[in-house]
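Accompanying notes for the structure given below.
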Amino acid sequence: MGNCCAYLGPQKNTNVRVSLPAVCFVWQIAMIVLFGVFIRYNPESDAHWVEHMRTENISSDIENDFYYRYPSFQDVHVMIFVGFGFLMTFLKRYSFGGVGFNFLIASFGLQWALLMQGWFHFLDHSTGKIYIGVENLINADFCCAGSLIAYGALLGKVSPVQLMVVTLFGVTLFAVEEYIILHLLHCRDAGGSMVIHAFGGYYGLAISWVLYRPNLHLSKRLNGSVYHSDVFAMIGTLFLWMFWPSFNSAITDHGDGQHRAAINTYLALASTVLTTVAISSMSQKKGKLDMVHIQNATLAGGVAMGTAAEFMISPYGSLIVGFCTGIISTFGYLFVTPFLENKLKLQDTCGVHNLHAVPGMLGGFIGAIVAAAASEEVYSREGLIDVFDFEGKHANRTVGTQGGYQAAGTCVAIAFGLVGGAIVGFILKFPIWGDPADDNCYDDEVYWEVRLLIELNESFCLNCIHF
Amino acid sequence: MGNCCAYLGPQKNTNVRVSLPAVCFVWQIAMIVLFGVFIRYNPESDAHWVEHMRTENISSDIENDFYYRYPSFQDVHVMIFVGFGFLMTFLKRYSFGGVGFNFLIASFGLQWALLMQGWFHFLDHSTGKIYIGVENLINADFCCAGSLIAYGALLGKVSPVQLMVVTLFGVTLFAVEEYIILHLLHCRDAGGSMVIHAFGGYYGLAISWVLYRPNLHLSKRLNGSVYHSDVFAMIGTLFLWMFWPSFNSAITDHGDGQHRAAINTYLALASTVLTTVAISSMSQKKGKLDMVHIQNATLAGGVAMGTAAEFMISPYGSLIVGFCTGIISTFGYLFVTPFLENKLKLQDTCGVHNLHAVPGMLGGFIGAIVAAAASEEVYSREGLIDVFDFEGKHANRTVGTQGGYQAAGTCVAIAFGLVGGAIVGFILKFPIWGDPADDNCYDDEVYWEVRLLIELNESFCLNCIHF
Amino acid sequence: MGNCCAYLGPQKNTNVRVSLPAVCFVWQIAMIVLFGVFIRYNPESDAHWVEHMRTENISSDIENDFYYRYPSFQDVHVMIFVGFGFLMTFLKRYSFGGVGFNFLIASFGLQWALLMQGWFHFLDHSTGKIYIGVENLINADFCCAGSLIAYGALLGKVSPVQLMVVTLFGVTLFAVEEYIILHLLHCRDAGGSMVIHAFGGYYGLAISWVLYRPNLHLSKRLNGSVYHSDVFAMIGTLFLWMFWPSFNSAITDHGDGQHRAAINTYLALASTVLTTVAISSMSQKKGKLDMVHIQNATLAGGVAMGTAAEFMISPYGSLIVGFCTGIISTFGYLFVTPFLENKLKLQDTCGVHNLHAVPGMLGGFIGAIVAAAASEEVYSREGLIDVFDFEGKHANRTVGTQGGYQAAGTCVAIAFGLVGGAIVGFILKFPIWGDPADDNCYDDEVYWEVRLLIELNESFCLNCIHF
């Protein structure tokens with residue numbers, strides 16, 4: 001099937017008929033072997049549960065963590081597959097790649113994440129096994145999110161094999177930085193402003209920077225949306241937006257922790273929508289709105305609340321966070337993305353800089369400030385211990401110190417993203433991955449069997465011709 | 001970007017570059033200030049929860065209201081943003097406005113609703129604060145729904161600034177009529193047949209009646225669907241339809257109340273689909289179905305069960321309600337909407353008259369009848385008290401009296417909708433809001449940057465021309 | 001509205017203006033009468049719940065089954081209406097029929113299922129009533145799924161009246177085979193590999209085989225997708241894929257049962273995606289992926305885990321199941337579907353053979369093997385009794401015997417599907433149902449008012465013509 005533009009130069013070899021199946025098969029078999037060695041059900045998902053209830057004096061099945069977290073898990077799952085997937089269908093002719101490759105790499109990533117996070121956080125050293133339950137599934141989905149964010153910067157410019165590599169390293173780096181931030185630094189980051197968004201955003205940007213394509217303008221005709229693809233993208237936007245309260249509350253403490261995180265995120269996101277609309281309207285002739293802003297910047301408030309959502313930031317604090325990030329993110333789309341592309345040679349297809357990297361970084365620092373400002377008066381003594389987990393060897397940590405560690409954690413996440421992304425970018429430069437040529441980007445026909453683009457009927461043709 | 005039809009007359013000034021950002025910024029800042037003064041976490045979302053559990057002798061985190069209501073809340077949230085939003089994407093070239101303005105006004109409306117409903121229902125007079133939890137979020141989403149319903153009558157004919165005004169007043173009126181109906185009259189209306197649907201429907205109709213556009217036929221070319229936009233609208237229809245059991249059960253009593261409301265709504269909606277299909281098929285040549293009916297009238301059963309869903313209406317009673325409302329709503333689309341437009345000069349883009357106003361009114365009266373027919377035999381003594389909240393100063397109310405009050409409540413809701421809508425309509429007639437001219441309605445290009453409408457490839461063009 | 005192809009022969013009478021409304025009205029009225037006679041609320045959804053709590057010594061409202069199962073119910077509901085519905089929108093000009101008729105028949109089917117399943121499983125012989133709660137709603141949705149699967153084989157080739165007949169008999173047959181398999185044979189089949197997928201798949205295939213259309217190639221121009229319809233279908237795919245853990249865990253035992261079923265299904269599905277992509281890529285020139293495979297075969301892992309998900313199959317066991325079924329299902333789409341059509345005269349529009357029939361059958365046998373391999377060591381004594389329900393007259397059944405019965409159950413499901421489908425197929429051959437002619441299949445214009453297919457603007461027309 002041809003397309004409207006003339007042939008523009010030599011094509012790269014985009015044949016992935018050997019490499020893609022090989023990667024899928026070998027890595028999936030490796031997953032099976034490693035799962036066989038390491039992964040077991042935890043006491044809440046094992047058939048010994050009835051015995052476990054008796055031993056632990058648990059009074060009812062409803063106390064199984066499944067009932068605390070499964071609804072949130074399903075919401076997060078929707079965000080990962082429909083949210084991220086459909087958000088990336090906005091390109092006029094890369095919708096298959098947007099939603100399809102997202103599907104592929106998230107499916108691999110969550111398996112690898114169960115192992116990597118398991119080794120770092122959940123390994124029982126007495127048995128050498130990782131015992132999993134619903135919380136692990138949520139964490140695995142979170143871990144994938146880092147790589148999916150990176151995909152946003154690379155959308156349309158890489159092969160599915162490269163994306164698998166991005167995910168393999170992305171999940172690995174994620175597990176390490178998460179271990180450093182959450183365990184060594186003992187930070188709190190329930191919704192992942194630092195560990196997910198700042199890391200994932202800078203990881204994708206660094207890869208994209210290394211993979212800079214000087215002649216990408218040759219694909220310019222396809223780097224944009226059509227009317228219907230923008231509506232498809234709104235499916236992704238809205239499912240991300242609506243379920244973000246579940247994202248930020250999915251692994252917070254039972255009871256008030258989950259409750260508060262959901263409320264804060266709900267409020268921040270509402271506020272973000274208004275400032276996004278305001279800036280978008282101000283920036284255009286006659287105050288017209290730009291779908292790019294509505295699809296993306298409206299979500300920045302959820303990113304920025306990823307750390308602070310479980311804290312006592314207070315409802316109006318949440319609104320302020322949303323207010324500011326909506327403005328910052330929309331300005332990013334207006335000015336920073338073009339600047340990055342023209343001056344820093346950084347091509348960021350979806351603008352993850354404005355939606356994840358910067359709001360994630362801000363979220364980390366907001367979390368640090370809110371933590372440092374915590375007091376027994378506001379949290380109660382027990383509340384403070386619960387929220388910040390000031391127990392064991394951290395029992396004597398002050399909120400000020402906690403704030404410092406939170407800020408340090410943000411820097412660690414960014415550093416991991418930048419350095420890790422640069423290294424992965426260089427790996428992806430090897431000419432073996434089947435990536436498209438500069439004049440062949442953003443086109444599903446490279447990696448997908450594309451049938452008819454459109455079906456029209458006789459009367460239209462005649463109308464058109466007789467116009 | 002031009003369009004197929006010739007220029008038809010002087011255009012109104014649709015520039016909202018000052019007014020829209022101004023409204024968004026000023027109102028959002030007002031929200032932040034008011035939230036700072038009034039809104040606090042309630043005991044279930046506050047870090048003092050552990051202390052609260054001890055004081056109140058609550059045995060487990062699972063007793064936090066979050067776990068009773070959060071899954072329903074998320075379903076309601078999906079209905080508000082994806083359900084209402086995508087239901088309004090059916091117009092061929094107003095999908096951005098349908099889903100995008102819905103997003104904007106719901107995001108503002110829910111904040112204002114938390115305040116308005118808070119002042120009326122949840123204000124702690126000793127501290128002067130409103131303490132919020134998940135139930136408030138659900139109520140805020142409900143409150144928005146009234147204004148979103150009104151948007152359905154106005155779709156394509158108003159500017160985003162006007163919609164913000166509609167929402168500001170809509171939420172305010174809602175809070176007042178809700179206070180009168182639920183508190184002063186002590187009605188039950190968990191799913192909001194009266195307070196949401198009857199009010200919202202008549203509110204939108206009254207506004208639309210005042211804003212009558214005599215030359216709207218000049219935009220007729222755009223007042224219709226294309227194939228794909230009808231499929232997008234089905235996303236909205238189905239998410240509304242599927243999650244309506246959560247809508248009607250979200251704030252009913254814990255236990256049997258939520259359980260029964262979900263069952264009744266599930267059954268009524270199933271029944272509605274069959275009668276909608278029957279009437280739609282009967283009305284067309286060769287029995288063909290009309291997408292307008294399938295997208296809208298199938299939902300009328302959920303509207304009509306909004307009051308009675310928590311009562312012991314019995315499963316077959318629910319089926320009967322669905323049966324009748326499916327017929328009535330489809331007849332409305334066939335005969336009443338054209339009649340309203342031609343005879344009463346009432347232009348109702350989405351037919352909210354048939355989907356919300358009339359089924360909501362019916363739902364109010366059905367609730368009155370079912371309440372009046374309640375008996376201790378069917379409900380048990382305790383059940384009767386629980387369901388109708390016959391406690392405190394209402395302890396001696398009889399079911400017959402309750403039925404009377406329910407009917408009165410329906411009338412209050414309609415009156416508020418009609419009078420409030422008329423007033424708001426007159427406010428919206430001032431020539432300062434940037435609304436489109438009569439020949440420029442239903443067109444996203446007025447308020448959105450619209451890029452390419454469609455992308456075709458060479459071979460299609462040739463096929464078309466050589467046809 | 002015309003279409004691009006010339007008139008090809010005499011048309012059948014596809015007028016359903018009498019038959020469709022008649023079927024909808026009469027059957028819906030029958031439902032109301034039968035519900036009036038038989039269906040009542042169960043103790044958990046009845047207003048007597050407070051008394052019931054006291055009698056049964058239930059400590060809290062949260063112990064109401066509603067809170068254990070309602071989130072899963074809503075996920076299943078989404079799968080039935082959006083999942084199945086949108087999966088069938090992939091045809092370029094049958095999206096209305098795909099999602100719309102799915103909506104109609106599921107709405108009828110769930111009512112009939114509540115009755116049929118009620119009579120067989122939930123009838124209280126002392127009162128002659130069926131007492132329903134949330135678990136019945138889930139089971140009713142499951143029961144519909146059998147008929148919706150059958151619709152997949154018939155998509156585009158039957159009239160809505162025929163589909164109602166398919167559903168009436170499908171639900172009836174389902175209830176009988178389910179009674180035999182679950183009660184008489186005492187099999188376990190929580191996610192319905194046997195009772196839903198194997199039955200539904202073979203039921204649809206048998207009907208389609210009887211309704212073989214020798215000249216279906218005359219409709220070939222419409223038997224395919226366009227770009228946007230493939231994206232719509234991905235909505236269906238993803239909601240099915242994401243919520244399948246809820247499907248397989250919705251009616252398993254409280255506690256570890258639901259928890260484990262969700263984990264196993266999540267893992268199997270992830271694994272399926274990778275092998276589907278691998279085989280799809282291997283099969284095409286240059287390793288391009290085929291949307292048909294991504295939309296369908298990725299789901300086979302969920303089907304195949306329908307029986308074993310609640311067992312202690314272990315996480316790596318789940319990955320292996322997903323690995324194999326992804327391969328088998330994709331091979332099915334590549335080789336078996338064309339073979340069936342060309343050699344066995346079996347036209348299977350959506351390939352339900354590869355997505356439901358075969359993976360369902362495999363799932364049944366996998367369940368048998370995993371059951372036969374169960375041990376007290378792995379399950380604990382109590383766990384074994386709980387999972388396999390070795391109580392009452394089945395207290396002495398061994399796991400080996402259970403495995404044999406599971407295998408027998410699979411055969412029963414297939415037999416019911418094949419024989420029942422053949423009979424229903426013959427019923428549908430009567431020339432009274434308004435089905436389309438062979439040259440008129442896959443076309444929404446037969447049963448729907450189709451307005452404009454597409455809306456283009458002037459500049460496009462000029463571009464196209466000046467091309």
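Ligands are numbered from 1 in the order shown, chains are lettered A, B, ... in the order of the structure tokens, and residues start at 1 in each chain.
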
**OP:** Identify all residues of region 128-163 of chain B in alpha helix (DSSP H) (DSSP on the backbone) and supply them as a PyMOL selection string.
**Re:** chain B and resi 134-154+160-163

Skip Gly255 (chain A) itself and residues of its chain fewer than 6 positions away, then list as an mmCIF file with N, CA and C atoms, in the first residue's frame all residues within 9 Å of it, counting only C-alpha atoms.
```cif
data_model
loop_
_atom_site.group_PDB
_atom_site.id
_atom_site.type_symbol
_atom_site.label_atom_id
_atom_site.label_comp_id
_atom_site.auth_asym_id
_atom_site.auth_seq_id
_atom_site.Cartn_x
_atom_site.Cartn_y
_atom_site.Cartn_z
ATOM 1 N N TYR A 68 -8.625 -5.465 50.242
ATOM 2 C CA TYR A 68 -8.178 -4.085 50.415
ATOM 3 C C TYR A 68 -7.663 -3.491 49.101
ATOM 4 N N GLU B 44 -12.122 9.354 58.842
ATOM 5 C CA GLU B 44 -11.725 8.137 58.145
ATOM 6 C C GLU B 44 -10.599 8.357 57.139
ATOM 7 N N SER B 45 -10.336 9.600 56.818
ATOM 8 C CA SER B 45 -9.236 9.867 55.886
ATOM 9 C C SER B 45 -8.127 10.674 56.559
ATOM 10 N N TRP B 49 -6.855 8.439 62.260
ATOM 11 C CA TRP B 49 -7.735 7.269 62.120
ATOM 12 C C TRP B 49 -7.449 6.183 63.150
ATOM 13 N N VAL B 50 -6.194 5.914 63.430
ATOM 14 C CA VAL B 50 -5.890 4.848 64.396
ATOM 15 C C VAL B 50 -6.458 5.203 65.769
ATOM 16 N N SER B 60 -11.398 -2.999 62.729
ATOM 17 C CA SER B 60 -10.494 -3.289 61.621
ATOM 18 C C SER B 60 -10.504 -2.150 60.612
ATOM 19 N N ASP B 61 -9.370 -1.994 59.930
ATOM 20 C CA ASP B 61 -9.290 -1.005 58.848
ATOM 21 C C ASP B 61 -10.369 -1.222 57.794
ATOM 22 N N ILE B 62 -10.781 -2.462 57.607
ATOM 23 C CA ILE B 62 -11.744 -2.759 56.543
ATOM 24 C C ILE B 62 -13.088 -2.089 56.811
ATOM 25 N N GLU B 63 -13.328 -1.675 58.058
ATOM 26 C CA GLU B 63 -14.574 -0.974 58.381
ATOM 27 C C GLU B 63 -14.544 0.489 57.949
ATOM 28 N N ASN B 64 -13.388 0.945 57.490
ATOM 29 C CA ASN B 64 -13.310 2.307 56.929
ATOM 30 C C ASN B 64 -14.258 2.401 55.740
ATOM 31 N N ASP B 65 -15.027 3.460 55.682
ATOM 32 C CA ASP B 65 -16.034 3.607 54.620
ATOM 33 C C ASP B 65 -15.425 3.509 53.226
ATOM 34 N N PHE B 66 -14.130 3.805 53.127
ATOM 35 C CA PHE B 66 -13.422 3.680 51.856
ATOM 36 C C PHE B 66 -13.672 2.317 51.211
ATOM 37 N N TYR B 67 -13.639 1.263 52.006
ATOM 38 C CA TYR B 67 -13.752 -0.087 51.435
ATOM 39 C C TYR B 67 -15.187 -0.445 51.091
#
```

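Distance annotation: of C:Gly200, C:Gly363, C:Gly302, C:Pro43, the residue with the minimal separation from chain B is C:Pro43; atom set is only C-alpha atoms.
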
Subject >> Shell of 8 Å around Ile196 (chain C), only C-alpha atoms, local chain residues under 5 positions omitted, as an NGL selection string >> reply: :C and (142-143 or 145-146 or 174 or 191 or 360)

Where does chain C meet chain A within 6 Å, residue by residue, with the nearest atom pair and distance in Å to one decimal for each, counting only C-alpha atoms, listed by chain and rising number, as JSON lines?
```
{"residue": "C:Asn3", "atom": "CA", "partner": "A:Asn457", "partner_atom": "CA", "distance": 4.8}
{"residue": "C:Cys4", "atom": "CA", "partner": "A:Glu458", "partner_atom": "CA", "distance": 4.8}
{"residue": "C:Val226", "atom": "CA", "partner": "A:Leu452", "partner_atom": "CA", "distance": 4.9}
{"residue": "C:Tyr227", "atom": "CA", "partner": "A:Leu453", "partner_atom": "CA", "distance": 4.9}
{"residue": "C:Gly255", "atom": "CA", "partner": "A:Asp61", "partner_atom": "CA", "distance": 4.9}
{"residue": "C:Asp256", "atom": "CA", "partner": "A:Ser45", "partner_atom": "CA", "distance": 4.3}
{"residue": "C:His259", "atom": "CA", "partner": "A:Ser45", "partner_atom": "CA", "distance": 5.1}
{"residue": "C:Arg260", "atom": "CA", "partner": "A:Ser45", "partner_atom": "CA", "distance": 4.8}
{"residue": "C:Ala270", "atom": "CA", "partner": "A:Ser107", "partner_atom": "CA", "distance": 4.6}
{"residue": "C:Leu274", "atom": "CA", "partner": "A:Cys24", "partner_atom": "CA", "distance": 5.4}
{"residue": "C:Ala278", "atom": "CA", "partner": "A:Pro21", "partner_atom": "CA", "distance": 3.9}
{"residue": "C:Ser281", "atom": "CA", "partner": "A:Arg17", "partner_atom": "CA", "distance": 5.7}
{"residue": "C:Met282", "atom": "CA", "partner": "A:Arg17", "partner_atom": "CA", "distance": 5.3}
{"residue": "C:Lys286", "atom": "CA", "partner": "A:Asn15", "partner_atom": "CA", "distance": 4.4}
{"residue": "C:Gly287", "atom": "CA", "partner": "A:Arg17", "partner_atom": "CA", "distance": 3.5}
{"residue": "C:Lys288", "atom": "CA", "partner": "A:Tyr447", "partner_atom": "CA", "distance": 4.6}
{"residue": "C:Leu289", "atom": "CA", "partner": "A:Trp448", "partner_atom": "CA", "distance": 4.6}
{"residue": "C:Asp290", "atom": "CA", "partner": "A:Glu449", "partner_atom": "CA", "distance": 5.4}
{"residue": "C:Tyr316", "atom": "CA", "partner": "A:Gly36", "partner_atom": "CA", "distance": 5.1}
{"residue": "C:Tyr379", "atom": "CA", "partner": "A:Ala47", "partner_atom": "CA", "distance": 5.0}
{"residue": "C:Ser380", "atom": "CA", "partner": "A:His48", "partner_atom": "CA", "distance": 5.7}
{"residue": "C:Gly383", "atom": "CA", "partner": "A:Ala47", "partner_atom": "CA", "distance": 4.9}
{"residue": "C:Cys461", "atom": "CA", "partner": "A:Cys464", "partner_atom": "CA", "distance": 5.5}
```

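Candidate residues B:Ala150, B:Val424, B:Ile294, B:Val176 were compared for distance to Gly236 (chain B), and the nearest is B:Ile294, using only C-alpha atoms.
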
**OP:** Excluding Asp438 (chain B) and any residue of its chain fewer than 5 positions from it, enumerate the residues within 9 Å of it, using only C-alpha atoms, and give them as a PyMOL selection string.
**Re:** chain B and resi 11-12+157+213-219

**OP:** Mind checking which residues fall within 7 Å of Leu267 (chain A), counting only C-alpha atoms, ignoring those fewer than 6 positions away in the same chain, and posting them as a list in words?
**Re:** Pro315, Ser318 and Leu319 of chain A

**OP:** Could you check which of C:Ala374, C:Glu178, C:Ser59, C:Ile423 is closest to His197 (chain C), using only C-alpha atoms?
**Re:** C:Glu178

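One finds CA of Ala413 (chain B) at 9.2 Å from CA of Ile180 (chain B).
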
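For the atom pair formed by CA of Ile320 (chain A) and CA of Thr127 (chain B), the distance is 23.3 Å, given to one decimal.
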
Original post:
Which neighbours of Thr172 (chain A) fall inside 9 Å, counting only C-alpha atoms, when residues of the same chain fewer than 4 positions from it are skipped, and could you give them as JSON, numbers by chain?
Top reply: {"A": [112, 113, 116, 117, 167, 168, 176, 177]}

**OP:** Considering only C-alpha atoms, return as a list in words whatever protein or nucleic-acid residues lie within 9 Å of region 334-346 of chain C, sequence-local ones (same chain, fewer than 4 positions apart) excluded.
**Re:** Leu205, Ala206, Ser208, Trp209, Val210, Leu211, Tyr212, Arg213, Pro214, Ser280, Ser283, His293, Ser329, Thr330, Gly351, His353 and Asn354 of chain C

Keeping N, CA and C atoms, export the residues of the selection given above as a compact mmCIF listing (two decimals), in the first residue's frame.
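Listing of selection.txt after writing:
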```txt
# COMPACT_ATOMS: atom_id res chain seq x y z
N LEU C 205 -19.75 -22.80 16.58
CA LEU C 205 -19.20 -23.45 15.39
C LEU C 205 -20.24 -24.38 14.76
N ALA C 206 -20.95 -25.11 15.60
CA ALA C 206 -21.94 -26.04 15.05
C ALA C 206 -23.06 -25.28 14.34
N SER C 208 -22.80 -22.34 12.95
CA SER C 208 -22.23 -21.77 11.73
C SER C 208 -22.04 -22.84 10.65
N TRP C 209 -21.72 -24.04 11.09
CA TRP C 209 -21.52 -25.14 10.14
C TRP C 209 -22.85 -25.48 9.45
N VAL C 210 -23.91 -25.51 10.23
CA VAL C 210 -25.23 -25.81 9.64
C VAL C 210 -25.67 -24.68 8.72
N LEU C 211 -25.33 -23.45 9.10
CA LEU C 211 -25.75 -22.29 8.31
C LEU C 211 -24.76 -21.95 7.21
N TYR C 212 -23.94 -22.91 6.79
CA TYR C 212 -22.91 -22.66 5.78
C TYR C 212 -23.48 -21.89 4.59
N ARG C 213 -22.77 -20.85 4.18
CA ARG C 213 -23.19 -20.02 3.05
C ARG C 213 -22.21 -20.22 1.90
N PRO C 214 -22.63 -20.95 0.86
CA PRO C 214 -21.68 -21.27 -0.22
C PRO C 214 -21.20 -20.04 -0.98
N SER C 280 2.89 -14.49 15.49
CA SER C 280 2.34 -13.57 14.51
C SER C 280 3.46 -12.98 13.66
N SER C 283 5.08 -15.35 11.16
CA SER C 283 4.23 -15.82 10.07
C SER C 283 4.14 -14.85 8.91
N HIS C 293 -4.38 -11.35 15.20
CA HIS C 293 -3.78 -12.17 16.26
C HIS C 293 -3.70 -11.41 17.58
N SER C 329 -3.30 -20.82 19.76
CA SER C 329 -4.36 -19.96 19.26
C SER C 329 -3.91 -19.20 18.00
N THR C 330 -2.69 -18.68 18.01
CA THR C 330 -2.21 -17.95 16.83
C THR C 330 -2.09 -18.89 15.63
N GLY C 351 -13.19 -16.29 14.45
CA GLY C 351 -12.24 -17.31 14.86
C GLY C 351 -12.47 -17.81 16.27
N HIS C 353 -13.18 -20.61 17.13
CA HIS C 353 -12.51 -21.90 17.26
C HIS C 353 -11.17 -21.76 17.98
N ASN C 354 -10.42 -20.72 17.61
CA ASN C 354 -9.07 -20.56 18.15
C ASN C 354 -9.03 -19.82 19.47
```
